[in-house]
Protein chains: 2
Amino acid sequence: MNYSEAKAKFIQTWGSLGSHWGINRTMAQIHALLLVSRQALSTEDIMHELTISRGNTNMNVRALIDWGLVDKELRAGERREYFYAFKDVNVIARQIAQERKKRELDPLRKVLKQINEEVQGDSPGVKELKKVTSNVADFSDVTNQMLEVFVKSGGGNWLSNLLLKIMK
Amino acid sequence: MNYSEAKAKFIQTWGSLGSHWGINRTMAQIHALLLVSRQALSTEDIMHELTISRGNTNMNVRALIDWGLVDKELRAGERREYFYAFKDVNVIARQIAQERKKRELDPLRKVLKQINEEVQGDSPGVKELKKVTSNVADFSDVTNQMLEVFVKSGGGNWLSNLLLKIMK
DNA sequence: TTGAAGTTTCAGTATTTTTCGAAAACAAGA
DNA sequence: TCTTGTTTTCGAAAAATACTGAAACTTCAA
């Protein structure tokens, strides 16, 4: 396998994975491209490399910046912006965890708590509903705390340390 | 908030969450419905409750069974099948983790390893590519091992125990 | 063996999501 | 202020995905 095949394969794989992760295909592909590039790339570069439109490129680059996965770099005497990805896997994982927590877990926890507090009555149905929601809520809380620790720890090698603890 | 409002809200929330989790909306809604039902429901019941077609119901119920989140129950002297969801949150989490690991993590790890082994050359580009893929691969391996432990532990209260370890 | 009750499949349709591309907005230098 | 290079926006088109409805199939009791 030569360089461009390998690169293409990586981009493509990362891209299709992204869609399972709340990140759309193009966004994940741009991310992959920046991850394997040695220097920052311009919008133009990205468009050509991935054969996607300018608009699409721009929107997704911005989204990546929003997620905290990519940053821009300005070059003296150049108007054009160059983008690069943070390459530390722990940082990447942390940013994704944080963003997803914000978008998914937090709203879920809110709704569950609301249902538990506000639902009226004590029919068997209501009881069952409360039981389920509070179980799910408890679980979400634990998960949430784990993520908090993870996110606050700055990624680090938290995960590998943890694994050691678990294994022994 | 009365019973049916609360129930609807739960189903709706779980449904929209599912889509971020590799589970489509209807599938997640059926799951939610079964979670809050005190007894097993038939295809007919589900169709009516969620106002979806028979075909859709059938396909998604099968998918839930595939994922190991739902099982069917046969009643003596009745032809109709009744479905119920496993209600233990730990079991649910385990099943989802397992299924997603299989569908997403395993293929990713395979591709990364392949790229690392098979890519030819030692240009700077290739080096960068190898660096990135092997970092990601290492990270995926750790994650994978965590999930293995989690899945094999049978869910249990692994997660809460873990949290205690982390916190102290 | 028949047919009633139920399940599964699948082609076509609808919906949702993603992408494009052209035009508007913007920034900086002349 | 005008020009030029660049970024951003946004409606329309395309692609992907999910859903329907009806027909085909299965099962079992009579």
# chains A, B, ... in the order shown; residues from 1 in each chain; ligands from 1
$ interface_residues --of "chain A" --to "chain C" --cutoff "8 Å" --atoms "only C-alpha atoms (C1' of nucleotides)" --output "ChimeraX atom specification"
/A:53,55-56
$ write_last_selection --atoms "C-alpha atoms" --output "JSON list (two decimals), in the first residue's frame"
[["chain", "number", "residue", "atom", "x", "y", "z"],
["A", 53, "SER", "CA", -17.33, 22.57, -2.38],
["A", 55, "GLY", "CA", -19.29, 26.19, 1.25],
["A", 56, "ASN", "CA", -19.21, 22.70, 2.58]]
$ select_by_dssp --residues "segment 48-164 of chain A" --states "helix (DSSP H, G or I)" --output "MDAnalysis selection string"
chainID A and resid 48:50 54:66 89:118 124:152 158:164
$ closest_atom_pairs --of "chain B" --to "chain A" --cutoff "6 Å" --atoms "only C-alpha atoms" --output "tab-separated table"
residue	atom	partner	partner_atom	distance
B:Met1	CA	A:Val119	CA	4.7
B:Asn2	CA	A:Gln120	CA	5.4
B:Ala6	CA	A:Ile115	CA	5.9
B:His20	CA	A:Gly22	CA	5.9
B:Gly22	CA	A:His20	CA	5.9
B:Val36	CA	A:Leu129	CA	5.2
B:Ile115	CA	A:Ala6	CA	5.9
B:Glu118	CA	A:Met1	CA	5.6
B:Val119	CA	A:Met1	CA	4.7
B:Gln120	CA	A:Asn2	CA	5.4
B:Leu129	CA	A:Val36	CA	5.2
$ write_last_selection --atoms "C-alpha atoms" --output "PDB file, in the first residue's frame"
ATOM      1  CA  MET B   1     -47.563  16.497  34.114  1.00  0.00           C
ATOM      2  CA  ASN B   2     -49.871  13.524  33.805  1.00  0.00           C
ATOM      3  CA  ALA B   6     -44.736  11.939  30.883  1.00  0.00           C
ATOM      4  CA  HIS B  20     -26.998   9.860  18.209  1.00  0.00           C
ATOM      5  CA  GLY B  22     -26.506   4.264  16.084  1.00  0.00           C
ATOM      6  CA  VAL B  36     -42.068   1.734  30.501  1.00  0.00           C
ATOM      7  CA  ILE B 115      -2.368   0.763   7.349  1.00  0.00           C
ATOM      8  CA  GLU B 118       1.270  -2.320   4.923  1.00  0.00           C
ATOM      9  CA  VAL B 119       2.139   1.245   4.054  1.00  0.00           C
ATOM     10  CA  GLN B 120       5.411   1.490   2.168  1.00  0.00           C
ATOM     11  CA  LEU B 129       0.617   9.059   8.788  1.00  0.00           C
TER      12      LEU B 129
END
$ interface_residues --of "chain D" --to "chain A" --cutoff "10 Å" --atoms "only C-alpha atoms (C1' of nucleotides)" --output "PyMOL selection string"
chain D and resi 5-10
$ select_by_dssp --residues "chain A" --states "strand (DSSP E)" --output "number ranges by chain"
A: 41-42, 70-74, 81-85
$ closest_residue --among "B:Arg75, B:Lys152, B:His31, B:Lys110" --to "Thr57 of chain B" --atoms "only C-alpha atoms"
B:His31
$ decode --residues "chain D" --atoms "C-alpha atoms (C1' of nucleotides)" --output "PDB file, in the first residue's frame"
ATOM      1  C1'  DT D   1     -13.838  54.667  -2.218  1.00  0.00           C
ATOM      2  C1'  DC D   2     -12.916  50.861  -5.251  1.00  0.00           C
ATOM      3  C1'  DT D   3     -10.785  46.448  -6.103  1.00  0.00           C
ATOM      4  C1'  DT D   4      -9.437  42.009  -5.084  1.00  0.00           C
ATOM      5  C1'  DG D   5      -9.028  37.942  -2.486  1.00  0.00           C
ATOM      6  C1'  DT D   6     -11.358  35.494   0.913  1.00  0.00           C
ATOM      7  C1'  DT D   7     -15.005  33.883   4.073  1.00  0.00           C
ATOM      8  C1'  DT D   8     -19.790  33.128   5.077  1.00  0.00           C
ATOM      9  C1'  DT D   9     -24.552  32.370   4.131  1.00  0.00           C
ATOM     10  C1'  DC D  10     -28.397  30.082   2.295  1.00  0.00           C
ATOM     11  C1'  DG D  11     -31.805  28.093  -0.904  1.00  0.00           C
ATOM     12  C1'  DA D  12     -32.012  24.509  -4.013  1.00  0.00           C
ATOM     13  C1'  DA D  13     -30.514  19.745  -5.526  1.00  0.00           C
ATOM     14  C1'  DA D  14     -28.837  15.286  -4.473  1.00  0.00           C
ATOM     15  C1'  DA D  15     -28.044  11.481  -1.624  1.00  0.00           C
ATOM     16  C1'  DA D  16     -28.988   8.702   2.138  1.00  0.00           C
ATOM     17  C1'  DT D  17     -32.164   6.795   5.168  1.00  0.00           C
ATOM     18  C1'  DA D  18     -36.508   5.501   7.078  1.00  0.00           C
ATOM     19  C1'  DC D  19     -41.399   4.278   6.488  1.00  0.00           C
ATOM     20  C1'  DT D  20     -45.503   2.557   4.369  1.00  0.00           C
ATOM     21  C1'  DG D  21     -48.731  -0.615   2.539  1.00  0.00           C
ATOM     22  C1'  DA D  22     -49.758  -4.477   0.422  1.00  0.00           C
ATOM     23  C1'  DA D  23     -48.578  -8.961  -1.067  1.00  0.00           C
ATOM     24  C1'  DA D  24     -46.249 -13.211   0.147  1.00  0.00           C
ATOM     25  C1'  DC D  25     -45.381 -16.269   3.363  1.00  0.00           C
ATOM     26  C1'  DT D  26     -45.923 -19.231   7.828  1.00  0.00           C
ATOM     27  C1'  DT D  27     -48.161 -21.547  11.266  1.00  0.00           C
ATOM     28  C1'  DC D  28     -51.547 -24.002  13.450  1.00  0.00           C
ATOM     29  C1'  DA D  29     -56.293 -25.378  14.748  1.00  0.00           C
ATOM     30  C1'  DA D  30     -60.257 -27.377  12.957  1.00  0.00           C
TER      31       DA D  30
END
